[in-house]
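data17.pdb follows (PDB, C-alpha atoms):
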ATOM      1  CA  MET C  13     -36.047  16.757 -18.108
ATOM      2  CA  GLN C  14     -39.273  16.448 -16.149
ATOM      3  CA  THR C  15     -38.270  12.958 -15.033
ATOM      4  CA  LEU C  16     -34.901  14.251 -13.803
ATOM      5  CA  SER C  17     -36.673  17.046 -11.895
ATOM      6  CA  LEU C  18     -38.902  14.421 -10.277
ATOM      7  CA  TYR C  19     -35.906  12.343  -9.172
ATOM      8  CA  LEU C  20     -34.194  15.422  -7.720
ATOM      9  CA  TYR C  21     -37.397  16.316  -5.885
ATOM     10  CA  LEU C  22     -37.539  12.802  -4.388
ATOM     11  CA  VAL C  23     -33.924  13.166  -3.240
ATOM     12  CA  ARG C  24     -34.618  16.568  -1.634
ATOM     13  CA  LEU C  25     -37.697  15.166   0.089
ATOM     14  CA  GLN C  26     -35.767  12.241   1.516
ATOM     15  CA  LEU C  27     -32.895  14.479   2.657
ATOM     16  CA  ARG C  28     -35.273  16.825   4.457
ATOM     17  CA  THR C  29     -36.859  13.851   6.208
ATOM     18  CA  ARG C  30     -33.503  12.429   7.302
ATOM     19  CA  LEU C  31     -32.215  15.786   8.512
ATOM     20  CA  GLN C  32     -35.123  16.180  10.905
ATOM     21  CA  TYR C  33     -33.115  14.115  13.410
ATOM     22  CA  ARG C  34     -29.604  15.485  13.008
ATOM     23  CA  ALA C  35     -28.218  14.308  16.347
ATOM     24  CA  ASN C  36     -29.383  10.755  15.729
ATOM     25  CA  LEU C  37     -27.885  10.874  12.231
ATOM     26  CA  LEU C  38     -24.534  12.133  13.535
ATOM     27  CA  ILE C  39     -24.382   9.434  16.193
ATOM     28  CA  GLY C  40     -25.055   6.833  13.517
ATOM     29  CA  TRP C  41     -22.228   8.212  11.377
ATOM     30  CA  VAL C  42     -19.773   8.082  14.277
ATOM     31  CA  ALA C  43     -20.849   4.566  15.281
ATOM     32  CA  GLN C  44     -20.425   3.269  11.743
ATOM     33  CA  ALA C  45     -17.015   4.895  11.365
ATOM     34  CA  PHE C  46     -15.800   3.413  14.664
ATOM     35  CA  GLY C  47     -17.130  -0.025  13.692
ATOM     36  CA  TYR C  48     -15.131  -0.056  10.474
ATOM     37  CA  ALA C  49     -12.112   1.555  12.132
ATOM     38  CA  SER C  50     -11.964  -1.296  14.663
ATOM     39  CA  VAL C  51     -11.821  -3.848  11.836
ATOM     40  CA  TYR C  52      -9.159  -1.821  10.034
ATOM     41  CA  GLY C  53      -7.225  -1.603  13.297
ATOM     42  CA  THR C  54      -7.044  -5.394  13.358
ATOM     43  CA  ILE C  55      -5.703  -5.405   9.797
ATOM     44  CA  TRP C  56      -3.148  -2.746  10.800
ATOM     45  CA  ILE C  57      -1.937  -4.942  13.661
ATOM     46  CA  ILE C  58      -1.483  -7.905  11.314
ATOM     47  CA  ALA C  59       0.274  -5.782   8.683
ATOM     48  CA  SER C  60       2.544  -4.234  11.329
ATOM     49  CA  ARG C  61       3.384  -7.592  12.862
ATOM     50  CA  PHE C  62       4.395  -9.187   9.559
ATOM     51  CA  GLU C  63       5.534  -5.915   7.893
ATOM     52  CA  ARG C  64       3.843  -6.905   4.632
ATOM     53  CA  LEU C  65       0.514  -8.516   3.806
ATOM     54  CA  GLY C  66       0.547 -10.186   0.423
ATOM     55  CA  GLY C  67       3.427  -7.897  -0.565
ATOM     56  CA  TRP C  68       1.596  -4.735   0.578
ATOM     57  CA  VAL C  69       2.794  -2.416   3.353
ATOM     58  CA  TRP C  70       0.344  -0.652   5.680
ATOM     59  CA  PRO C  71       0.007   2.716   3.820
ATOM     60  CA  GLU C  72      -0.820   0.795   0.624
ATOM     61  CA  ILE C  73      -3.364  -1.331   2.471
ATOM     62  CA  ALA C  74      -4.823   1.792   4.109
ATOM     63  CA  LEU C  75      -5.324   3.348   0.682
ATOM     64  CA  MET C  76      -7.063   0.206  -0.505
ATOM     65  CA  LEU C  77      -9.307   0.075   2.570
ATOM     66  CA  GLY C  78     -10.240   3.736   2.174
ATOM     67  CA  PHE C  79     -10.943   3.208  -1.523
ATOM     68  CA  HIS C  80     -12.992   0.111  -0.718
ATOM     69  CA  VAL C  81     -15.281   1.681   1.879
ATOM     70  CA  LEU C  82     -15.687   4.956  -0.035
ATOM     71  CA  GLY C  83     -16.575   3.229  -3.312
ATOM     72  CA  TYR C  84     -19.035   0.994  -1.485
ATOM     73  CA  ALA C  85     -20.680   3.902   0.343
ATOM     74  CA  LEU C  86     -21.137   5.980  -2.813
ATOM     75  CA  GLY C  87     -22.798   3.041  -4.559
ATOM     76  CA  ALA C  88     -24.856   1.755  -1.634
ATOM     77  CA  LEU C  89     -26.131   5.279  -0.974
ATOM     78  CA  PHE C  90     -28.734   4.743  -3.697
ATOM     79  CA  THR C  91     -29.172   0.985  -3.624
ATOM     80  CA  PHE C  92     -28.538  -1.146  -0.536
ATOM     81  CA  VAL C  93     -31.259  -0.167   1.945
ATOM     82  CA  GLN C  94     -33.730   0.468  -0.853
ATOM     83  CA  LEU C  95     -33.191  -2.842  -2.666
ATOM     84  CA  ARG C  96     -32.577  -5.038   0.370
ATOM     85  CA  GLY C  97     -36.341  -5.012   0.927
ATOM     86  CA  MET C  98     -37.235  -6.147  -2.598
ATOM     87  CA  GLU C  99     -38.438  -9.559  -1.489
ATOM     88  CA  GLU C 100     -40.890  -7.897   0.893
ATOM     89  CA  LEU C 101     -42.134  -5.620  -1.886
ATOM     90  CA  VAL C 102     -42.693  -8.667  -4.078
ATOM     91  CA  ARG C 103     -44.192 -10.882  -1.400
ATOM     92  CA  LEU C 104     -46.669  -8.254  -0.204
ATOM     93  CA  GLY C 105     -47.562  -7.111  -3.697
ATOM     94  CA  THR C 106     -46.230  -3.595  -3.136
ATOM     95  CA  TYR C 107     -43.992  -3.846  -6.180
ATOM     96  CA  ASP C 108     -47.080  -4.126  -8.378
ATOM     97  CA  THR C 109     -48.040  -0.569  -7.431
ATOM     98  CA  LEU C 110     -44.605   0.685  -8.510
ATOM     99  CA  MET C 111     -45.017  -0.816 -11.963
ATOM    100  CA  VAL C 112     -48.067   1.319 -12.765
ATOM    101  CA  ARG C 113     -46.294   4.578 -11.945
ATOM    102  CA  PRO C 114     -44.974   6.675 -14.854
ATOM    103  CA  VAL C 115     -41.345   6.227 -13.719
ATOM    104  CA  SER C 116     -38.912   3.342 -13.567
ATOM    105  CA  PRO C 117     -39.527   1.221 -10.422
ATOM    106  CA  TRP C 118     -35.762   0.972  -9.851
ATOM    107  CA  ALA C 119     -35.259   4.729 -10.176
ATOM    108  CA  PHE C 120     -38.168   5.454  -7.857
ATOM    109  CA  LEU C 121     -36.785   3.125  -5.196
ATOM    110  CA  ALA C 122     -33.240   4.450  -5.570
ATOM    111  CA  PHE C 123     -33.984   8.180  -5.490
ATOM    112  CA  SER C 124     -36.868   8.167  -3.034
ATOM    113  CA  GLY C 125     -34.854   6.142  -0.504
ATOM    114  CA  ILE C 126     -31.416   7.782  -0.716
ATOM    115  CA  ASN C 127     -29.633   6.862   2.500
ATOM    116  CA  ILE C 128     -27.370   9.580   3.880
ATOM    117  CA  GLU C 129     -26.524   7.391   6.871
ATOM    118  CA  TYR C 130     -23.411   6.406   4.934
ATOM    119  CA  GLY C 131     -21.784   9.650   6.040
ATOM    120  CA  GLY C 132     -19.555   7.743   8.466
ATOM    121  CA  HIS C 133     -18.342   5.439   5.706
ATOM    122  CA  ILE C 134     -17.604   8.386   3.418
ATOM    123  CA  ALA C 135     -15.734  10.346   6.089
ATOM    124  CA  LEU C 136     -13.638   7.316   7.037
ATOM    125  CA  GLY C 137     -12.859   6.481   3.413
ATOM    126  CA  VAL C 138     -11.853  10.042   2.525
ATOM    127  CA  GLY C 139      -9.762  10.293   5.692
ATOM    128  CA  MET C 140      -7.843   7.076   5.041
ATOM    129  CA  ILE C 141      -7.172   7.999   1.414
ATOM    130  CA  ALA C 142      -6.020  11.476   2.438
ATOM    131  CA  TRP C 143      -3.680   9.967   5.049
ATOM    132  CA  ALA C 144      -2.245   7.267   2.800
ATOM    133  CA  LEU C 145      -1.638   9.107  -0.477
ATOM    134  CA  PRO C 146       1.154  11.484   0.739
ATOM    135  CA  GLN C 147       3.131   8.514   2.058
ATOM    136  CA  LEU C 148       3.184   6.504  -1.161
ATOM    137  CA  GLY C 149       5.251   8.721  -3.442
ATOM    138  CA  ILE C 150       2.866   8.488  -6.382
ATOM    139  CA  ASP C 151       3.994  10.456  -9.438
ATOM    140  CA  TRP C 152       0.895  12.602  -9.904
ATOM    141  CA  SER C 153      -0.267  13.937 -13.249
ATOM    142  CA  VAL C 154      -3.570  14.876 -14.819
ATOM    143  CA  LEU C 155      -3.926  11.319 -16.124
ATOM    144  CA  THR C 156      -3.161   9.824 -12.709
ATOM    145  CA  VAL C 157      -5.790  11.997 -11.004
ATOM    146  CA  ALA C 158      -8.296  11.116 -13.733
ATOM    147  CA  GLN C 159      -7.483   7.431 -13.245
ATOM    148  CA  LEU C 160      -8.074   7.700  -9.491
ATOM    149  CA  VAL C 161     -11.407   9.510  -9.874
ATOM    150  CA  ALA C 162     -12.638   7.272 -12.708
ATOM    151  CA  SER C 163     -11.708   4.131 -10.763
ATOM    152  CA  LEU C 164     -13.584   5.384  -7.707
ATOM    153  CA  ILE C 165     -16.678   6.125  -9.790
ATOM    154  CA  SER C 166     -16.358   2.664 -11.325
ATOM    155  CA  ALA C 167     -16.218   1.099  -7.840
ATOM    156  CA  ALA C 168     -19.410   2.949  -6.866
ATOM    157  CA  LEU C 169     -21.145   1.813 -10.062
ATOM    158  CA  LEU C 170     -19.967  -1.753  -9.461
ATOM    159  CA  THR C 171     -21.525  -1.697  -5.992
ATOM    160  CA  GLY C 172     -24.847  -0.314  -7.182
ATOM    161  CA  ALA C 173     -24.998  -2.696 -10.140
ATOM    162  CA  THR C 174     -24.202  -5.781  -8.064
ATOM    163  CA  LEU C 175     -26.824  -4.917  -5.448
ATOM    164  CA  THR C 176     -29.327  -4.285  -8.254
ATOM    165  CA  ILE C 177     -28.676  -7.734  -9.747
ATOM    166  CA  ILE C 178     -29.201  -9.373  -6.363
ATOM    167  CA  ALA C 179     -32.433  -7.460  -5.770
ATOM    168  CA  ALA C 180     -33.716  -8.322  -9.248
ATOM    169  CA  MET C 181     -33.596 -11.998  -8.321
ATOM    170  CA  ALA C 182     -36.548 -11.386  -5.994
ATOM    171  CA  LEU C 183     -38.741 -10.695  -9.028
ATOM    172  CA  VAL C 184     -38.197 -14.285 -10.123
ATOM    173  CA  LEU C 185     -37.317 -16.173  -6.930
ATOM    174  CA  THR C 186     -39.392 -14.082  -4.476
ATOM    175  CA  ARG C 187     -36.663 -14.655  -1.881
ATOM    176  CA  SER C 188     -33.333 -12.922  -2.418
ATOM    177  CA  ARG C 189     -32.216 -11.505   0.904
ATOM    178  CA  TYR C 190     -29.930 -14.478   1.552
ATOM    179  CA  LEU C 191     -27.982 -13.454  -1.552
ATOM    180  CA  PHE C 192     -27.014 -10.221   0.174
ATOM    181  CA  GLY C 193     -25.322 -12.310   2.870
ATOM    182  CA  ILE C 194     -23.296 -14.144   0.220
ATOM    183  CA  TYR C 195     -22.435 -10.812  -1.390
ATOM    184  CA  PHE C 196     -21.057  -9.403   1.852
ATOM    185  CA  ASP C 197     -18.989 -12.532   2.461
ATOM    186  CA  PHE C 198     -17.151 -11.863  -0.817
ATOM    187  CA  TRP C 199     -17.220  -8.095  -0.152
ATOM    188  CA  GLU C 200     -15.254  -8.580   3.073
ATOM    189  CA  LEU C 201     -12.666 -10.665   1.214
ATOM    190  CA  SER C 202     -12.281  -7.950  -1.423
ATOM    191  CA  ARG C 203     -10.858  -5.491   1.122
ATOM    192  CA  TYR C 204      -7.626  -7.521   1.274
ATOM    193  CA  PRO C 205      -4.859  -7.832  -1.351
ATOM    194  CA  LEU C 206      -5.937 -10.677  -3.623
ATOM    195  CA  THR C 207      -2.397 -12.042  -3.575
ATOM    196  CA  ILE C 208      -3.026 -13.565  -0.124
ATOM    197  CA  PHE C 209      -5.667 -15.884  -1.597
ATOM    198  CA  ALA C 210      -5.348 -19.051  -3.647
ATOM    199  CA  LEU C 211      -5.629 -18.751  -7.425
ATOM    200  CA  PRO C 212      -9.241 -20.091  -7.655
ATOM    201  CA  LEU C 213     -10.467 -17.395  -5.245
ATOM    202  CA  GLN C 214      -8.492 -14.723  -7.085
ATOM    203  CA  LEU C 215     -10.160 -15.827 -10.309
ATOM    204  CA  THR C 216     -13.582 -15.748  -8.648
ATOM    205  CA  LEU C 217     -13.107 -12.183  -7.358
ATOM    206  CA  LEU C 218     -11.961 -11.042 -10.799
ATOM    207  CA  SER C 219     -14.680 -12.739 -12.863
ATOM    208  CA  ILE C 220     -17.697 -14.522 -11.353
ATOM    209  CA  VAL C 221     -18.021 -12.181  -8.352
ATOM    210  CA  PRO C 222     -15.956  -9.234  -9.649
ATOM    211  CA  LEU C 223     -15.531  -7.395  -6.347
ATOM    212  CA  GLY C 224     -11.767  -7.384  -6.805
ATOM    213  CA  TYR C 225     -12.299  -4.344  -9.022
ATOM    214  CA  MET C 226     -13.688  -2.340  -6.111
ATOM    215  CA  ALA C 227     -10.335  -1.590  -4.510
ATOM    216  CA  TYR C 228      -7.555  -4.082  -5.153
ATOM    217  CA  VAL C 229      -7.286  -3.702  -8.936
ATOM    218  CA  PRO C 230      -7.620   0.124  -9.077
ATOM    219  CA  VAL C 231      -5.206   0.713  -6.189
ATOM    220  CA  ALA C 232      -2.697  -1.853  -7.493
ATOM    221  CA  ALA C 233      -2.854  -0.166 -10.903
ATOM    222  CA  LEU C 234      -2.348   3.245  -9.305
ATOM    223  CA  LEU C 235       0.685   2.005  -7.358
ATOM    224  CA  GLY C 236       2.161   0.124 -10.323
ATOM    225  CA  LYS C 237       1.823  -3.269  -8.644
ATOM    226  CA  PRO C 238       1.354  -6.421 -10.737
ATOM    227  CA  VAL C 239      -2.221  -7.703 -10.867
ATOM    228  CA  PRO C 240      -2.666 -11.466 -11.321
ATOM    229  CA  LEU C 241      -4.549 -12.640 -14.422
ATOM    230  CA  ILE C 242      -4.973  -9.066 -15.737
ATOM    231  CA  GLY C 243      -1.465  -7.628 -15.906
ATOM    232  CA  ALA C 244      -1.021  -4.391 -17.843
ATOM    233  CA  ALA C 245      -4.759  -4.135 -18.538
ATOM    234  CA  ALA C 246      -5.459  -3.420 -14.844
ATOM    235  CA  PRO C 247      -5.944   0.385 -15.159
ATOM    236  CA  PHE C 248      -8.458  -0.064 -17.970
ATOM    237  CA  ALA C 249     -10.216  -2.937 -16.198
ATOM    238  CA  ALA C 250     -10.553  -0.848 -13.027
ATOM    239  CA  ILE C 251     -12.243   1.970 -14.956
ATOM    240  CA  LEU C 252     -14.466  -0.209 -17.148
ATOM    241  CA  ALA C 253     -15.616  -2.771 -14.556
ATOM    242  CA  GLY C 254     -18.316  -0.503 -13.109
ATOM    243  CA  PRO C 255     -19.878   0.629 -16.406
ATOM    244  CA  VAL C 256     -19.856  -2.944 -17.729
ATOM    245  CA  MET C 257     -21.614  -4.182 -14.600
ATOM    246  CA  VAL C 258     -24.199  -1.406 -14.953
ATOM    247  CA  VAL C 259     -25.067  -2.693 -18.435
ATOM    248  CA  VAL C 260     -25.275  -6.248 -17.077
ATOM    249  CA  ALA C 261     -27.494  -5.074 -14.197
ATOM    250  CA  MET C 262     -29.837  -3.266 -16.587
ATOM    251  CA  LEU C 263     -30.209  -6.400 -18.716
ATOM    252  CA  VAL C 264     -30.771  -8.614 -15.669
ATOM    253  CA  TRP C 265     -33.334  -6.216 -14.164
ATOM    254  CA  GLN C 266     -35.276  -6.004 -17.415
ATOM    255  CA  ALA C 267     -35.182  -9.777 -17.921
ATOM    256  CA  CYS C 268     -36.388 -10.456 -14.365
ATOM    257  CA  GLN C 269     -39.108  -7.840 -14.634
ATOM    258  CA  ARG C 270     -40.389  -9.462 -17.829
ATOM    259  CA  ARG C 271     -40.664 -12.763 -15.958
ATOM    260  CA  TYR C 272     -42.297 -11.191 -12.927
ATOM    261  CA  GLN C 273     -45.821 -12.556 -12.440
ATOM    262  CA  GLY C 274     -47.000 -10.560  -9.451
ATOM    263  CA  ALA C 275     -47.345 -11.424  -5.789
ATOM    264  CA  GLY C 276     -49.543 -14.423  -6.556
ATOM    265  CA  GLY C 277     -46.952 -15.569  -9.155
TER     266      GLY C 277
END
Entire entry expressed as C-alpha cells:
Amino acid sequence: MQTLSLYLYLVRLQLRTRLQYRANLLIGWVAQAFGYASVYGTIWIIASRFERLGGWVWPEIALMLGFHVLGYALGALFTFVQLRGMEELVRLGTYDTLMVRPVSPWAFLAFSGINIEYGGHIALGVGMIAWALPQLGIDWSVLTVAQLVASLISAALLTGATLTIIAAMALVLTRSRYLFGIYFDFWELSRYPLTIFALPLQLTLLSIVPLGYMAYVPVAALLGKPVPLIGAAAPFAAILAGPVMVVVAMLVWQACQRRYQGAGG
C-alpha cells in the first residue's frame, strides 16, 4: 500500500510539473493531433478513391485508426519517453542509482515520468471512434461493450510491454534506441488492414512482432470480419495479447537486469 501511495505521489508530482506550462502543453496536443490527422487524411483519400482498402470501407478503417492511436497513447503514456532514454541511463551509469532505491526501477521510471503530452493522441482517437461507431451498425450488448473495452486495455498493455522489452535490451546491449525505430516501422504498418499485406508480413504482425493485435484484430473481431490465421479465436486473442505480452516483458526485463553488469560492463 505504501508503494502504491509512492507511485501515485510521483504521478501527481509529474502532473503538477507539466501543468505549469498549460499553453505550451495545449499547443503540443493540437500539433500532435493535426500531424496524425494529416496522415489519416491521406488514408481517407486512398480509401475513398478505391472505395475499399483490403475489404474495409472508410468508417471501418476510421474505427481501426482511432483504436490504434488511442491504444498506443494509453500505453506510451507510461513507457515511451521514459524508456526511450534507457541506453543513456545505462551508458552514464544513472541506472545503477535506480537499482539501489527501494522500488522497482521500471516502476520508478514509468510513474515519475508520466507523459501527459499524449492528450492530442487521446482526443483524436476518442473522436474517431465516436464518429465511426454509429455508422457501423454494430449490435451492441453488455458483452460487446466489454469486448471493446477489454481489447482497448489489451492494446495499451501491448504497447507498454513491447516498449519495455525494447528498453530492457539496453541493459545487455547498452545500445537499444535503434530498436525503437524498427518498432515504429512495424507500428505504422499495423494501422492498416492486414489483408493488404502478403502472408509472410501478416504472420509477422500476428506472431514475431504482434502489433496486429493493437487495432486490426480487435476491430475485425468487433465487426465480425474474418481474421487470417486466427479465425474464430480473434476476440479472445485481441483480449489476451496484451496481458500475455506483459508477462513476457516482465520475464525479459528480469532476465536482462540479472545480466546487467553496470556502466563499465
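Take CA of Phe123 in chain C and CA of Leu20 in chain C: the distance between them is 7.6 Å.
Take the candidates C:Leu65, C:Ala233, C:Leu175, C:Leu215 and check each one against Val258 in chain C using only C-alpha atoms; the shortest distance goes to C:Leu175.
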Q | Explicit residues for the PyMOL selection byres ((chain C and resi 243-246) around 10) (as an MDAnalysis selection string) | A | chainID C and resid 225 228:234 236:242 247:252
Selection file, C-alpha atoms, as a compact mmCIF listing (two decimals), in the coordinates of the input:
# COMPACT_ATOMS: atom_id res chain seq x y z
CA TYR C 225 -12.30 -4.34 -9.02
CA TYR C 228 -7.56 -4.08 -5.15
CA VAL C 229 -7.29 -3.70 -8.94
CA PRO C 230 -7.62 0.12 -9.08
CA VAL C 231 -5.21 0.71 -6.19
CA ALA C 232 -2.70 -1.85 -7.49
CA ALA C 233 -2.85 -0.17 -10.90
CA LEU C 234 -2.35 3.24 -9.30
CA GLY C 236 2.16 0.12 -10.32
CA LYS C 237 1.82 -3.27 -8.64
CA PRO C 238 1.35 -6.42 -10.74
CA VAL C 239 -2.22 -7.70 -10.87
CA PRO C 240 -2.67 -11.47 -11.32
CA LEU C 241 -4.55 -12.64 -14.42
CA ILE C 242 -4.97 -9.07 -15.74
CA PRO C 247 -5.94 0.38 -15.16
CA PHE C 248 -8.46 -0.06 -17.97
CA ALA C 249 -10.22 -2.94 -16.20
CA ALA C 250 -10.55 -0.85 -13.03
CA ILE C 251 -12.24 1.97 -14.96
CA LEU C 252 -14.47 -0.21 -17.15
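Shell of Ala88 in chain C at 8 Å, with all atoms listed in the file counted and residues fewer than 2 places along the chain excluded, is Tyr84, Ala85, Leu86, Phe90, Thr91, Phe92, Val93, Ala168, Thr171, Gly172 and Leu175 of chain C.
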Q: Decode the PyMOL selection byres ((chain C and resi 37-52) around 10) for the given file into explicit residues and return them as number ranges by chain.
A: C: 30-36, 53-58, 73-74, 77-78, 81, 128-137, 140, 203
Q: Apply the PyMOL selection byres ((chain C and resi 161-165) around 8) to the file shown and report the selected residues as number ranges by chain.
A: C: 79, 82-83, 157-160, 166-169, 226, 230, 250-251, 254
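In this structure, CA of Leu148 in chain C sits 17.9 Å away from CA of Tyr204 in chain C.
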(Q) Between CA of Glu100 in chain C and CA of Phe198 in chain C, what distance in Å does the model show, to one decimal? (A) 24.1 Å
Non-local contacts of Arg96 in chain C (12 Å; all atoms listed in the file; under 2 positions in same chain excluded) as a PDB file with C-alpha atoms, in the coordinates of the input:
ATOM      1  CA  ALA C  88     -24.856   1.755  -1.634  1.00  0.00           C
ATOM      2  CA  PHE C  90     -28.734   4.743  -3.697  1.00  0.00           C
ATOM      3  CA  THR C  91     -29.172   0.985  -3.624  1.00  0.00           C
ATOM      4  CA  PHE C  92     -28.538  -1.146  -0.536  1.00  0.00           C
ATOM      5  CA  VAL C  93     -31.259  -0.167   1.945  1.00  0.00           C
ATOM      6  CA  GLN C  94     -33.730   0.468  -0.853  1.00  0.00           C
ATOM      7  CA  MET C  98     -37.235  -6.147  -2.598  1.00  0.00           C
ATOM      8  CA  GLU C  99     -38.438  -9.559  -1.489  1.00  0.00           C
ATOM      9  CA  GLU C 100     -40.890  -7.897   0.893  1.00  0.00           C
ATOM     10  CA  LEU C 101     -42.134  -5.620  -1.886  1.00  0.00           C
ATOM     11  CA  VAL C 102     -42.693  -8.667  -4.078  1.00  0.00           C
ATOM     12  CA  LEU C 121     -36.785   3.125  -5.196  1.00  0.00           C
ATOM     13  CA  ALA C 122     -33.240   4.450  -5.570  1.00  0.00           C
ATOM     14  CA  GLY C 125     -34.854   6.142  -0.504  1.00  0.00           C
ATOM     15  CA  GLY C 172     -24.847  -0.314  -7.182  1.00  0.00           C
ATOM     16  CA  THR C 174     -24.202  -5.781  -8.064  1.00  0.00           C
ATOM     17  CA  LEU C 175     -26.824  -4.917  -5.448  1.00  0.00           C
ATOM     18  CA  THR C 176     -29.327  -4.285  -8.254  1.00  0.00           C
ATOM     19  CA  ILE C 177     -28.676  -7.734  -9.747  1.00  0.00           C
ATOM     20  CA  ILE C 178     -29.201  -9.373  -6.363  1.00  0.00           C
ATOM     21  CA  ALA C 179     -32.433  -7.460  -5.770  1.00  0.00           C
ATOM     22  CA  ALA C 180     -33.716  -8.322  -9.248  1.00  0.00           C
ATOM     23  CA  MET C 181     -33.596 -11.998  -8.321  1.00  0.00           C
ATOM     24  CA  ALA C 182     -36.548 -11.386  -5.994  1.00  0.00           C
ATOM     25  CA  ARG C 187     -36.663 -14.655  -1.881  1.00  0.00           C
ATOM     26  CA  SER C 188     -33.333 -12.922  -2.418  1.00  0.00           C
ATOM     27  CA  ARG C 189     -32.216 -11.505   0.904  1.00  0.00           C
ATOM     28  CA  TYR C 190     -29.930 -14.478   1.552  1.00  0.00           C
ATOM     29  CA  LEU C 191     -27.982 -13.454  -1.552  1.00  0.00           C
ATOM     30  CA  PHE C 192     -27.014 -10.221   0.174  1.00  0.00           C
ATOM     31  CA  GLY C 193     -25.322 -12.310   2.870  1.00  0.00           C
ATOM     32  CA  TYR C 195     -22.435 -10.812  -1.390  1.00  0.00           C
TER      33      TYR C 195
END
Any chance you could work out the axis-aligned box around range 200-208 of chain C, listed atoms only, 4 Å on each side, giving centre and edge lengths in Å to one decimal, as AutoDock Vina command-line options?
--center_x -8.8 --center_y -9.5 --center_z -0.3 --size_x 20.9 --size_y 16.1 --size_z 14.7
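Among C:Arg270, C:Val221, C:Phe209, C:Pro255, the residue with the shortest atom-to-atom distance to Gly66 in chain C, counting all atoms listed in the file, is C:Phe209.
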Is there a way to get, as a short mmCIF file (atom, residue, chain, number, x, y, z; two decimals) with C-alpha atoms, in the coordinates of the input, all residues within 10 Å of the point (-10.1, -11.8, 0.6) in file coordinates, counting only C-alpha atoms?
data_model
loop_
_atom_site.label_atom_id
_atom_site.label_comp_id
_atom_site.auth_asym_id
_atom_site.auth_seq_id
_atom_site.Cartn_x
_atom_site.Cartn_y
_atom_site.Cartn_z
CA ASP C 197 -18.99 -12.53 2.46
CA PHE C 198 -17.15 -11.86 -0.82
CA TRP C 199 -17.22 -8.10 -0.15
CA GLU C 200 -15.25 -8.58 3.07
CA LEU C 201 -12.67 -10.66 1.21
CA SER C 202 -12.28 -7.95 -1.42
CA ARG C 203 -10.86 -5.49 1.12
CA TYR C 204 -7.63 -7.52 1.27
CA PRO C 205 -4.86 -7.83 -1.35
CA LEU C 206 -5.94 -10.68 -3.62
CA THR C 207 -2.40 -12.04 -3.58
CA ILE C 208 -3.03 -13.56 -0.12
CA PHE C 209 -5.67 -15.88 -1.60
CA ALA C 210 -5.35 -19.05 -3.65
CA LEU C 213 -10.47 -17.40 -5.24
CA GLN C 214 -8.49 -14.72 -7.08
CA LEU C 217 -13.11 -12.18 -7.36
CA LEU C 223 -15.53 -7.40 -6.35
CA GLY C 224 -11.77 -7.38 -6.80
CA TYR C 228 -7.56 -4.08 -5.15
#
